[in-house]
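Peer 1: Got a structure here, written out as structure tokens. Questions coming.
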Amino acid sequence: MSEPVVVFGGLCLFCGNEIEASAPDPIEVTATTATGKWQVWWCHAACFKANITDPPDAEGFFAPAHF
């Protein structure tokens, strides 16, 4: 049995440009409220990494692990 193919077409949450499918892209960003409502956005891996705030005392806690 072959792996399913994910077809994606969309714009990056951060830069607004089209996301071409690649090894790390697109990244899926999900936000869930306290009441369980959720929304999903997509972005480039590079845009996501560039927009993460990594406080000095967090010692890399927010650094992405897979891209």
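A note on labels: chains of the structure tokens are A, B, ... as shown, every chain counts residues from 1, and ligands are counted from 1 in their shown order.
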Output as number ranges by chain all residues of range 3-55 of chain A that backbone DSSP marks as alpha helix (DSSP H).

Peer 2: A: 45-50

Peer 1: May I have a table of the residues of range 39-59 of chain A lying at most 12 Å from range 14-32 of chain A, giving each one's closest pair of atoms and their distance in Å to one decimal, counting only C-alpha atoms, ordered by chain and ascending residue number, as CSV?

Peer 2:
```
residue,atom,partner,partner_atom,distance
A:Gln39,CA,A:Ala31,CA,5.5
A:Val40,CA,A:Thr30,CA,4.4
A:Trp41,CA,A:Val29,CA,5.2
A:Trp42,CA,A:Glu28,CA,4.6
A:Cys43,CA,A:Ile27,CA,5.2
A:His44,CA,A:Pro26,CA,5.5
A:Ala45,CA,A:Ile27,CA,5.8
A:Ala46,CA,A:Asp25,CA,8.9
A:Cys47,CA,A:Phe14,CA,6.3
A:Phe48,CA,A:Phe14,CA,7.5
A:Lys49,CA,A:Ile27,CA,10.4
A:Ala50,CA,A:Phe14,CA,9.5
A:Asn51,CA,A:Phe14,CA,8.1
A:Ile52,CA,A:Phe14,CA,11.2
```

Peer 1: Quick one: distance from CA of Asp54 in chain A to CA of His66 in chain A in Å, one decimal?

Peer 2: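 Atom-to-atom, CA of Asp54 in chain A and CA of His66 in chain A are spaced 16.4 Å apart.
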